[in-house]
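Chemist: For reference, the structure I am asking about is given below.
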Amino acid sequence: MDLLSIKDPAFLKQLSMKELEALSGEIRRFLIENLSRTGGHIGPNLGVVELTIALHRCFNSPKDKIIWDVGHQSYVHKILTGRACQFETLRQYKGLCGFPKMTESEHDVWETGHSSTSLSAAMGMAVARNLKKEDSHVIPVIGDGALTGGMALEALNHIGHKKEKMIVILNDNEMSIAPNVGALHNVLGKLRSAGKYNRAKDELEMLLKKVPAVGQQLAITAERIKDSFKYLFVSGMFFEELGFTYLGPVDGHNYEDLFENLTYAKKLDGPVMLHVITKKGKGFIPAENDKIGTWHGTGPYKMETGDFIKPAGAPPAWSKLVSETVREIARADERIVAITPAMPVGSKLEGFASEFPDRMFDVGIAEQHAATFAAGLATQGMKPFLAIYSTFLQRAYDQVVHDICRQNLNVFIGVDRAGLVGADGETHQGVFDIAFLRHLPNLVLMMPKDENEGRHMVKTALSYDAGPIAMRFPRGNGYGIPLDEVLEPIPIGTWEVLREGGDAVILTFGTTIPMALEAASSLEKEGIAVKVINARFLKPLDIAMLTEILRDNLPILTIEEAVLQGGFGSFIMETAQELGFEGAIIDRMGIPDKFIEHGNVDSLLEEIGMTEKQVKLKIKKLAKQKEKRA
């Protein structure tokens with residue numbers, strides 16, 4: 001079959017079992033070949049090929065709402081809904097999104113990039129369907145890892161209580177990104193080995209009713225003792241106790257099993273939990289054999305060997321640099337522990353876990369718990385390092401406010417993937433953390449200019465005993481500069497002058513420093529001398545240096561790879577007013593008031609006007625304003 005010719009999934013209803021099996025193989029080959037060039041979430045998608053085909057065969061999308069939790073496993077869904085022809089642009093600038101996207105297709109009924117949202121969304125859609133007196137199915141697909149998220153458990157509780165009709169597909173591959181952890185994972189393990197409970201119950205009831213004279217009474221008695229029967233057949237019927245009809249476990253790669261159970265589930269009233277067992281990475285040996293999550297999402301790779309295509313001699317990744325520095329300091333300080341919400345590989349904590357297994361805690365997809373767990377540790381004199389992506393930190397905001405900052409606890413938050421991240425797009429761009437962190441009392445917020453300063457900042461954070469401290473660092477690799485062997489704390493709230501100049505000042509930090517220095521160098525040739533300051537502490541500000549700049553009446557341009565609203569530039573303007581410099585000439589450059597989609601970071605920066613050329617234009621404009629006032 002020509003996958004590029006698929007327009008919608010209706011054709012699946014006409015295919016024989018043999019043709020469906022052939023289609024599965026074609027889709028896997030297509031994914032392996034295309035993702036070897038573009039990169040992407042190959043492991044999750046190879047694991048749901050049969051499941052996705054079965055869903056689109058048994059249901060009528062988009063009338064029936066198929067909701068993908070997290071969304072990184074929606075590539076097969078995109079192929080079956082007419083987007084195979086766009087896969088060469090996957091996750092590229094102006095190309096196909098790596099997650100469900102409503103503007104791409106009517107079949108994408110829910111947009112997501114963070115986990116554990118599908119069940120709440122499904123509940124909303126199911127209630128709306130009932131209020132509108134419509135006849136359709138709602139089918140959220142959630143992974144066993146995402147099910148550990150607190151939001152998913154809140155939704156399960158509500159769905160079971162209200163008995164709303166929906167079919168929840170629990171895609172159980174025994175992994176989220178890394179191997180799953182937690183008690184709920186153990187419950188699922190028992191269910192995997194327990195066999196099919198519900199069908200056995202139905203068959204026994206039917207047999208009892210056939211017994212002459214007393215059959216009906218026996219069936220009633222059996223119903224009365226169903227709890228005992230249930231626990232006889234299935235160990236830990238967690239979902240039935242929540243109000244769901246549990247079906248499974250089902251082989252997620254067997255069409256007959258899938259069709260039989262999906263058809264049966266459609267006939268049941270109330271919420272159904274269909275437990276489907278799949279193999280992450282199925283059909284590609286390197287991905288199938290992955291035990292730690294390396295093949296969850298990748299860059300380009302060689303199809304023949306599974307070797308990743310990376311530039312030779314690349315500097316260390318920021319995540320690894322930070323985690324390994326924490327590990328180095330932890331050798332001399334037993335108070336240091338590391339915490340990750342299901343991202344030990346992404347946060348490069350494997351080395352720390354190997355050396356300090358008793359001081360490494362992967363809490364699963366549970367960002368809120370991770371933050372308050374860190375706070376609890378800090379109350380007892382420990383020094384927790386919470387390694388968390390910027391966009392995942394959003395999910396733990398109240399815990400940072402209420403449990404960490406309000407109690408002024410010594411928690412070190414490593415804000416990974418801060419700034420634009422590129423291919424993963426708007427759900428993963430780490431551009432809001434400055435705005436939602438810098439106004440919190442007691443919190444120190446900083447970002448290094450390079451990996452050497454980053455190591456010293458880690459030392460600063462782990463030496464700081466006056467409250468919470470957060471360090472932002474970007475996705476990708478450092479610059480390859482030499483690293484100091486001896487680490488020294490940086491005085492809190494101090495900036496660094498990188499280049500002198502008396503006509504204007506650029507205040508910036510992190511990834512935008514090279515652009516600022518290049519612009520200043522170019523402007524010098526045009527007779528404009530620009531001072532460039534590494535404003536590495538975003539809070540507290542270097543009030544002494546800022547006051548000096550304002551007294552010298554130097555125009556200020558702030559640059560941040562983060563949202564402008566409520567960000568660093570806003571902080572500078574507020575502070576200038578508080579210091580009595582209401583007339584200061586200040587302009588800001590940063591992320592505008594919109595969500596930034598996926599694509600190469602340089603292309604995204606060009607689109608929003610964050611370029612050396614724009615820096616020069618803004619500085620020239622500021623210099624003219626100063627001349628007019630003179």
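Ordering of the structure tokens sets the chain letters (A, B, ...); residue numbers start at 1 within each chain; ligands are numbered from 1 in the order shown.
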Give me the residues near His456 (chain A) as number ranges by chain, where near means some atom within 6 Å (using only C-alpha atoms) and where sequence neighbours in that chain fewer than 2 positions away do not count.
Modeler: A: 453-454, 458-459, 487-489
Chemist: Create the file for the chosen residues now, containing N, CA and C atoms and written as a PDB file, in the first residue's frame.
Modeler:
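Saved the output as result-v3.pdb:
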```pdb
ATOM      1  N   GLU A 453      31.325  28.713  33.672  1.00  0.00           N
ATOM      2  CA  GLU A 453      30.578  29.467  34.677  1.00  0.00           C
ATOM      3  C   GLU A 453      29.438  28.612  35.235  1.00  0.00           C
ATOM      4  N   GLY A 454      28.881  27.743  34.395  1.00  0.00           N
ATOM      5  CA  GLY A 454      27.823  26.859  34.852  1.00  0.00           C
ATOM      6  C   GLY A 454      28.278  25.953  35.981  1.00  0.00           C
ATOM      7  N   VAL A 458      26.810  25.770  39.818  1.00  0.00           N
ATOM      8  CA  VAL A 458      26.378  24.574  40.553  1.00  0.00           C
ATOM      9  C   VAL A 458      27.010  24.579  41.944  1.00  0.00           C
ATOM     10  N   LYS A 459      28.280  24.925  42.004  1.00  0.00           N
ATOM     11  CA  LYS A 459      28.960  25.045  43.295  1.00  0.00           C
ATOM     12  C   LYS A 459      28.292  26.115  44.153  1.00  0.00           C
ATOM     13  N   LEU A 487      36.444  24.582  41.875  1.00  0.00           N
ATOM     14  CA  LEU A 487      35.162  25.286  41.800  1.00  0.00           C
ATOM     15  C   LEU A 487      35.015  26.247  42.962  1.00  0.00           C
ATOM     16  N   GLU A 488      34.564  27.464  42.654  1.00  0.00           N
ATOM     17  CA  GLU A 488      34.370  28.490  43.675  1.00  0.00           C
ATOM     18  C   GLU A 488      32.969  29.076  43.553  1.00  0.00           C
ATOM     19  N   PRO A 489      32.297  29.339  44.666  1.00  0.00           N
ATOM     20  CA  PRO A 489      30.981  29.982  44.604  1.00  0.00           C
ATOM     21  C   PRO A 489      31.085  31.394  44.017  1.00  0.00           C
TER      22      PRO A 489
END
```
Chemist: List the spatial neighbours of Ala353 (chain A) as a ChimeraX atom specification - criterion: any atom at most 12 Å away, only C-alpha atoms, same-chain residues fewer than 2 positions off excluded.
Modeler: /A:323-324,326-327,330,337-340,344-345,347-351,355-362
Chemist: Would you tabulate, counting only C-alpha atoms, all residues of region 39-126 of chain A that have an atom at most 10 Å from an atom of region 240-263 of chain A, showing the closest pair of atoms and their distance in Å to one decimal, sorted by chain then ascending number, as a Markdown table?
Modeler:
```
| residue | atom | partner | partner_atom | distance |
| --- | --- | --- | --- | --- |
| A:Gly47 | CA | A:His253 | CA | 8.4 |
| A:Val48 | CA | A:Gly252 | CA | 7.5 |
| A:Val49 | CA | A:His253 | CA | 7.9 |
| A:Glu50 | CA | A:His253 | CA | 5.4 |
| A:Leu51 | CA | A:Gly252 | CA | 5.8 |
| A:Thr52 | CA | A:Gly252 | CA | 9.6 |
| A:Ile53 | CA | A:Tyr255 | CA | 8.9 |
| A:Ala54 | CA | A:Phe259 | CA | 6.6 |
| A:Leu55 | CA | A:Leu262 | CA | 8.0 |
| A:Arg57 | CA | A:Phe259 | CA | 8.6 |
| A:Cys58 | CA | A:Leu262 | CA | 7.1 |
| A:Phe59 | CA | A:Leu262 | CA | 9.1 |
```
Chemist: I need the alpha helix (DSSP H) residues of region 389-582 of chain A per DSSP on the backbone, written as a PyMOL selection string.
Modeler: chain A and resi 390-393+397-399+433-437+451-463+513-524+543-551+568-578
Chemist: At most 8 Å is the cut-off: for each residue in region 239-308 of chain A with any atom that close to an atom of region 27-39 of chain A, write down the nearest atom pair and the distance in Å rounded to one decimal, counting only C-alpha atoms, chain first then increasing number, as a Markdown table.
Modeler:
```
| residue | atom | partner | partner_atom | distance |
| --- | --- | --- | --- | --- |
| A:Gly283 | CA | A:Arg28 | CA | 6.8 |
| A:Phe284 | CA | A:Ile32 | CA | 7.5 |
| A:Gly297 | CA | A:Gly39 | CA | 7.4 |
| A:Thr298 | CA | A:Gly39 | CA | 5.3 |
| A:Gly299 | CA | A:Gly39 | CA | 3.9 |
| A:Pro300 | CA | A:Gly39 | CA | 4.5 |
| A:Tyr301 | CA | A:Ser36 | CA | 4.8 |
| A:Lys302 | CA | A:Ser36 | CA | 6.2 |
| A:Met303 | CA | A:Ser36 | CA | 6.2 |
```
Chemist: The selected residues should be written to file as a PDB file, in the first residue's frame (atoms: N, CA, C and O atoms).
Modeler:
```
ATOM      1  N   GLY A 283       9.823  -3.922  16.256  1.00  0.00           N
ATOM      2  CA  GLY A 283      10.166  -3.963  14.838  1.00  0.00           C
ATOM      3  C   GLY A 283      11.515  -3.376  14.503  1.00  0.00           C
ATOM      4  O   GLY A 283      11.968  -3.465  13.354  1.00  0.00           O
ATOM      5  N   PHE A 284      12.193  -2.774  15.485  1.00  0.00           N
ATOM      6  CA  PHE A 284      13.518  -2.206  15.263  1.00  0.00           C
ATOM      7  C   PHE A 284      14.381  -2.639  16.443  1.00  0.00           C
ATOM      8  O   PHE A 284      14.196  -2.153  17.560  1.00  0.00           O
ATOM      9  N   GLY A 297      13.101   9.116  22.223  1.00  0.00           N
ATOM     10  CA  GLY A 297      13.153  10.187  21.228  1.00  0.00           C
ATOM     11  C   GLY A 297      14.595  10.420  20.853  1.00  0.00           C
ATOM     12  O   GLY A 297      15.464  10.508  21.732  1.00  0.00           O
ATOM     13  N   THR A 298      14.877  10.492  19.562  1.00  0.00           N
ATOM     14  CA  THR A 298      16.268  10.574  19.123  1.00  0.00           C
ATOM     15  C   THR A 298      16.435  11.632  18.039  1.00  0.00           C
ATOM     16  O   THR A 298      15.472  12.131  17.462  1.00  0.00           O
ATOM     17  N   GLY A 299      17.707  11.914  17.751  1.00  0.00           N
ATOM     18  CA  GLY A 299      18.053  12.638  16.541  1.00  0.00           C
ATOM     19  C   GLY A 299      18.234  11.636  15.412  1.00  0.00           C
ATOM     20  O   GLY A 299      17.856  10.466  15.531  1.00  0.00           O
ATOM     21  N   PRO A 300      18.788  12.051  14.301  1.00  0.00           N
ATOM     22  CA  PRO A 300      19.028  11.124  13.181  1.00  0.00           C
ATOM     23  C   PRO A 300      19.917   9.953  13.596  1.00  0.00           C
ATOM     24  O   PRO A 300      20.725  10.056  14.523  1.00  0.00           O
ATOM     25  N   TYR A 301      19.753   8.822  12.905  1.00  0.00           N
ATOM     26  CA  TYR A 301      20.510   7.620  13.217  1.00  0.00           C
ATOM     27  C   TYR A 301      20.715   6.803  11.943  1.00  0.00           C
ATOM     28  O   TYR A 301      20.073   7.042  10.915  1.00  0.00           O
ATOM     29  N   LYS A 302      21.606   5.821  12.010  1.00  0.00           N
ATOM     30  CA  LYS A 302      21.854   4.936  10.878  1.00  0.00           C
ATOM     31  C   LYS A 302      20.912   3.743  10.981  1.00  0.00           C
ATOM     32  O   LYS A 302      20.930   3.002  11.966  1.00  0.00           O
ATOM     33  N   MET A 303      20.088   3.550   9.972  1.00  0.00           N
ATOM     34  CA  MET A 303      19.104   2.470   9.992  1.00  0.00           C
ATOM     35  C   MET A 303      19.742   1.099  10.155  1.00  0.00           C
ATOM     36  O   MET A 303      19.234   0.226  10.850  1.00  0.00           O
TER      37      MET A 303
END
```
Chemist: Quick one: residues within 8 Å of region 512-519 of chain A, only C-alpha atoms, excluding same-chain residues fewer than 3 positions away - as an MDAnalysis selection string?
Modeler: chainID A and resid 449 499 506 508:509 522:523 532 534 559:561 611:613 615:616
Chemist: Generate the output file for the selected residues, all heavy atoms, as a compact mmCIF listing (two decimals), in the first residue's frame.
Modeler:
```txt
# COMPACT_ATOMS: atom_id res chain seq x y z
N LYS A 449 26.81 32.01 31.51
CA LYS A 449 27.12 32.41 30.13
C LYS A 449 27.76 31.27 29.35
O LYS A 449 27.71 31.24 28.12
CB LYS A 449 28.07 33.62 30.12
CG LYS A 449 29.49 33.36 30.62
CD LYS A 449 30.34 34.61 30.48
CE LYS A 449 31.81 34.37 30.87
NZ LYS A 449 31.97 34.07 32.31
N ARG A 499 32.35 43.54 28.19
CA ARG A 499 32.88 44.48 27.20
C ARG A 499 32.52 45.89 27.65
O ARG A 499 31.39 46.15 28.03
CB ARG A 499 32.27 44.18 25.82
CG ARG A 499 32.81 45.05 24.70
CD ARG A 499 32.04 44.79 23.41
NE ARG A 499 32.55 45.65 22.34
CZ ARG A 499 33.41 45.26 21.41
NH1 ARG A 499 33.84 44.01 21.41
NH2 ARG A 499 33.84 46.10 20.49
N ILE A 506 24.09 46.68 26.98
CA ILE A 506 23.25 45.50 26.78
C ILE A 506 23.33 44.65 28.04
O ILE A 506 24.42 44.26 28.47
CB ILE A 506 23.71 44.66 25.57
CG1 ILE A 506 23.55 45.46 24.27
CG2 ILE A 506 22.89 43.37 25.49
CD1 ILE A 506 24.09 44.74 23.04
N THR A 508 22.25 41.10 29.36
CA THR A 508 21.76 39.82 28.88
C THR A 508 22.46 38.69 29.63
O THR A 508 23.30 38.93 30.51
CB THR A 508 21.94 39.69 27.36
OG1 THR A 508 21.24 38.54 26.90
CG2 THR A 508 23.41 39.62 26.97
N PHE A 509 22.13 37.46 29.29
CA PHE A 509 22.65 36.31 30.03
C PHE A 509 22.47 35.06 29.18
O PHE A 509 21.69 35.02 28.22
CB PHE A 509 21.91 36.15 31.37
CG PHE A 509 20.42 36.23 31.23
CD1 PHE A 509 19.67 35.10 30.94
CD2 PHE A 509 19.76 37.45 31.35
CE1 PHE A 509 18.30 35.17 30.78
CE2 PHE A 509 18.38 37.53 31.19
CZ PHE A 509 17.65 36.39 30.90
N SER A 522 30.36 44.74 16.04
CA SER A 522 30.00 45.34 14.76
C SER A 522 29.69 46.83 14.91
O SER A 522 30.08 47.65 14.07
CB SER A 522 28.79 44.60 14.17
OG SER A 522 28.41 45.16 12.95
N LEU A 523 28.99 47.19 15.99
CA LEU A 523 28.64 48.59 16.21
C LEU A 523 29.87 49.46 16.49
O LEU A 523 29.90 50.65 16.15
CB LEU A 523 27.66 48.69 17.39
CG LEU A 523 26.22 48.24 17.09
CD1 LEU A 523 25.45 48.05 18.39
CD2 LEU A 523 25.52 49.25 16.18
N VAL A 532 28.67 45.48 27.28
CA VAL A 532 27.91 44.23 27.37
C VAL A 532 28.11 43.64 28.75
O VAL A 532 29.25 43.42 29.17
CB VAL A 532 28.33 43.23 26.28
CG1 VAL A 532 27.54 41.92 26.43
CG2 VAL A 532 28.12 43.81 24.89
N ASN A 534 27.13 40.57 31.47
CA ASN A 534 26.60 39.25 31.76
C ASN A 534 25.76 39.36 33.03
O ASN A 534 26.26 39.28 34.15
CB ASN A 534 27.75 38.25 31.95
CG ASN A 534 27.28 36.89 32.45
OD1 ASN A 534 26.11 36.53 32.29
ND2 ASN A 534 28.19 36.14 33.06
N ILE A 559 18.10 41.71 26.77
CA ILE A 559 17.85 40.61 25.83
C ILE A 559 17.66 39.34 26.64
O ILE A 559 18.49 39.00 27.49
CB ILE A 559 19.01 40.42 24.83
CG1 ILE A 559 19.35 41.73 24.12
CG2 ILE A 559 18.65 39.35 23.81
CD1 ILE A 559 20.58 41.63 23.21
N GLU A 560 16.58 38.63 26.36
CA GLU A 560 16.31 37.37 27.06
C GLU A 560 15.63 36.40 26.10
O GLU A 560 14.72 36.77 25.36
CB GLU A 560 15.44 37.61 28.29
CG GLU A 560 14.13 38.31 28.00
CD GLU A 560 13.48 38.88 29.26
OE1 GLU A 560 13.25 38.10 30.20
OE2 GLU A 560 13.24 40.11 29.30
N GLU A 561 16.07 35.15 26.13
CA GLU A 561 15.42 34.09 25.35
C GLU A 561 14.30 33.53 26.21
O GLU A 561 14.29 32.37 26.62
CB GLU A 561 16.42 33.01 24.97
CG GLU A 561 15.95 32.13 23.82
CD GLU A 561 17.01 31.14 23.37
OE1 GLU A 561 18.10 31.60 22.95
OE2 GLU A 561 16.76 29.93 23.46
N THR A 611 17.81 38.71 16.51
CA THR A 611 19.01 38.52 15.70
C THR A 611 20.01 39.64 15.98
O THR A 611 19.66 40.68 16.56
CB THR A 611 18.66 38.54 14.21
OG1 THR A 611 18.13 39.83 13.87
CG2 THR A 611 17.63 37.45 13.86
N GLU A 612 21.23 39.41 15.57
CA GLU A 612 22.25 40.45 15.72
C GLU A 612 21.83 41.73 15.00
O GLU A 612 22.03 42.84 15.51
CB GLU A 612 23.58 39.94 15.16
CG GLU A 612 24.69 40.98 15.24
CD GLU A 612 25.93 40.57 14.46
OE1 GLU A 612 26.03 39.40 14.07
OE2 GLU A 612 26.78 41.46 14.22
N LYS A 613 21.23 41.58 13.84
CA LYS A 613 20.78 42.75 13.07
C LYS A 613 19.78 43.58 13.86
O LYS A 613 19.86 44.82 13.92
CB LYS A 613 20.17 42.29 11.76
CG LYS A 613 19.65 43.43 10.89
CD LYS A 613 19.04 42.89 9.60
CE LYS A 613 18.49 44.00 8.74
NZ LYS A 613 17.86 43.48 7.48
N VAL A 615 19.43 43.60 17.13
CA VAL A 615 20.12 44.19 18.27
C VAL A 615 20.76 45.51 17.86
O VAL A 615 20.64 46.53 18.56
CB VAL A 615 21.18 43.23 18.84
CG1 VAL A 615 22.02 43.92 19.91
CG2 VAL A 615 20.52 41.98 19.41
N LYS A 616 21.43 45.51 16.72
CA LYS A 616 22.09 46.73 16.25
C LYS A 616 21.08 47.84 15.97
O LYS A 616 21.30 49.00 16.33
CB LYS A 616 22.88 46.41 14.98
CG LYS A 616 24.12 45.53 15.23
CD LYS A 616 24.74 45.05 13.94
CE LYS A 616 25.25 46.19 13.09
NZ LYS A 616 25.90 45.70 11.85
```
Chemist: Which is closer to Thr372 (chain A) than all the others in A:Asn452, A:Gln407, A:Asn442, A:Ser463, using only C-alpha atoms?
Modeler: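 So, comparing all the options, the nearest one is A:Gln407.
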Chemist: Under the rule that only C-alpha atoms are counted, which of A:Gly150, A:Ala423, A:Gly609, A:Glu304 is the nearest residue to Thr89 (chain A)?
Modeler: A:Ala423
